[in-house]
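J.: What follows is a single structure, and I will ask about it in a moment.
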Amino acid sequence: MLLRVPHPWPLLPGRLVARYKRFIAEIDLESGERIRAHCVNPGRMEGQVRPGARAWVSPVPAASKRKLRYTWELVEEDGRIVGANTVAPNRVVADLLAARVLPGLKRFGQLRSEVAYAERSRVDFLLDGATPHYVEVKNCHLRYPDARGYFPDSVSARATHHLHALREVVEAGAKATVLFTIQRPDVEAIRPSILHDPAFAEAAREAGAAGVRFRAVTIQATLDSLDVMREIPVELAAYDTAPHARWQAKKLPWSGWRNDGP
DNA sequence: CATATTCTATGGTACCCGAT
DNA sequence: ATCGGGTACCATAGAATATG
């Protein structure tokens with residue numbers, strides 16, 4: 001294990017009832033209470049929004065002004081716990097960089113986050129050094145039976161825009177790394193999803209050829225912590241998507257959300 | 001200076017509108 | 001009738017900007 005990041009709050013177990021309008025997850029807690037939790041994940045969470053699936057939420061501090069008093073953190077898919085909170089990896093990567101664990105990402109002066117650059121873009125992390133190093137975090141949670149993680153799980157024009165911007169800073173002499181995180185340990189590599197967003201996949205190939213580095217780490221979510229397990233390769237090369245379409249068809253009945261409120 | 005409000009960003013959906 | 005494009009919307013955090 002590379003790094004252990006304990007949850008700031010204790011998690012409460014329950015079962016997913018439904019997801020509404022992208023942001024709201026209705027969950028039956030083991031205490032018997034039916035609650036509404038904020039779903040931080042803006043994506044479709046392909047295959048992971050199954051009614052009845054085990055899910056864990058964190059309580060929101062009493063002082064917070066949030067409407068929803070819980071945050072959906074983890075979900076069980078195929079008997080395995082998967083991280084569902086897309087904000088969490090940014091915190092994990094911040095710790096990972098600060099701990100200077102990853103080769104090539106450990107020698108730097110200052111670590112800044114959310115730094116504005118290029119055209120209407122903000123990079124997740126900027127490492128000061130002889131040459132500035134831009135680090136963009138991309139979280140993924142989609143796994144297909146080929147034991148690979150895929151990003152994105154929907155068309156993401158913004159992510160493609162980020163790749164073009166990173167390519168520009170590299171061509172201007174800076175260093176740039178796209179760091180994928182996948183919140184499950186059972187993958188051997190990560191690929192851009194040609195099936196979900198071919199433009200992103202092509203932009204990734206171009207950015208890679210231009211010198212943008214692509215790396216990935218697996219994160220094992222447990223009830224106590226998010227554990228950065230190991231670095232895995234990113235596979236940028238094009239591939240046949242026929243098997244992926246079949247795998248997706250099996251997951252799709254359980255995707256998305258309902259638009260009628262609970 | 002402290003506090004309050006506005007802005008930005010996130011992705012899929014539902015909606016409208018105009019063109020075929 | 002079906003299409004694609006544009007856009008508001010949903011909840012929230014955090015940054016940016018405004019107000020007292």
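As shown in the structure tokens, the chain order sets the letters A, B, ...; within each chain, residues go from 1, and ligands are also counted from 1 in the order they appear.
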Leaving out segment 7-20 of chain C and any residue of its chain fewer than 2 positions from it, which residues lie within 10 Å of it when counting only C-alpha atoms (C1' of nucleotides), given as a PyMOL selection string?

T.: (chain A and resi 20-24+38-40+66-68+87+114+259) or (chain B and resi 2-10+13-16) or (chain C and resi 5)

J.: Using DSSP secondary structure from the backbone, list all strand (DSSP E or B) positions within segment 96-234 of chain A, as a ChimeraX atom specification.

T.: /A:111-117,121-127,133-140,142-144,148-151,175-182,189-192,213-221,225-232,234

J.: Mind listing as number ranges by chain which residues of chain A are within 10 Å of chain B, counting only C-alpha atoms (C1' of nucleotides)?

T.: A: 21-22, 40-44, 153-156, 158, 256-259

J.: Would you put the residues from that selection into a file with C-alpha atoms, as a JSON list (two decimals), in the first residue's frame?

T.:
```
[["chain", "number", "residue", "atom", "x", "y", "z"],
["A", 21, "LYS", "CA", -32.06, 13.81, -10.33],
["A", 22, "ARG", "CA", -28.39, 12.99, -10.15],
["A", 40, "VAL", "CA", -21.43, 13.83, -5.18],
["A", 41, "ASN", "CA", -20.91, 11.83, -8.34],
["A", 42, "PRO", "CA", -22.09, 13.82, -11.38],
["A", 43, "GLY", "CA", -21.73, 10.86, -13.71],
["A", 44, "ARG", "CA", -24.12, 8.07, -14.48],
["A", 153, "ASP", "CA", -18.43, 6.97, -18.33],
["A", 154, "SER", "CA", -20.19, 9.61, -20.40],
["A", 155, "VAL", "CA", -19.24, 12.31, -22.89],
["A", 156, "SER", "CA", -17.09, 14.84, -21.11],
["A", 158, "ARG", "CA", -14.66, 19.44, -20.29],
["A", 256, "GLY", "CA", -28.81, 6.78, -14.33],
["A", 257, "TRP", "CA", -31.47, 8.19, -12.06],
["A", 258, "ARG", "CA", -35.15, 8.94, -11.83],
["A", 259, "ASN", "CA", -36.50, 12.41, -12.29]]
```

J.: Set the distance at 10 Å and use only C-alpha atoms (C1' of nucleotides): which residues neighbour Leu3 of chain A once local chain neighbours fewer than 5 positions away are removed? I'd like the list as a ChimeraX atom specification.

T.: /A:92-93,95-96,99,101,219,226-230

J.: From the list A:Ile35, A:Val137, A:Val212, A:Ile232, which residue is nearest Asp186 of chain A when using only C-alpha atoms?

T.: A:Ile232
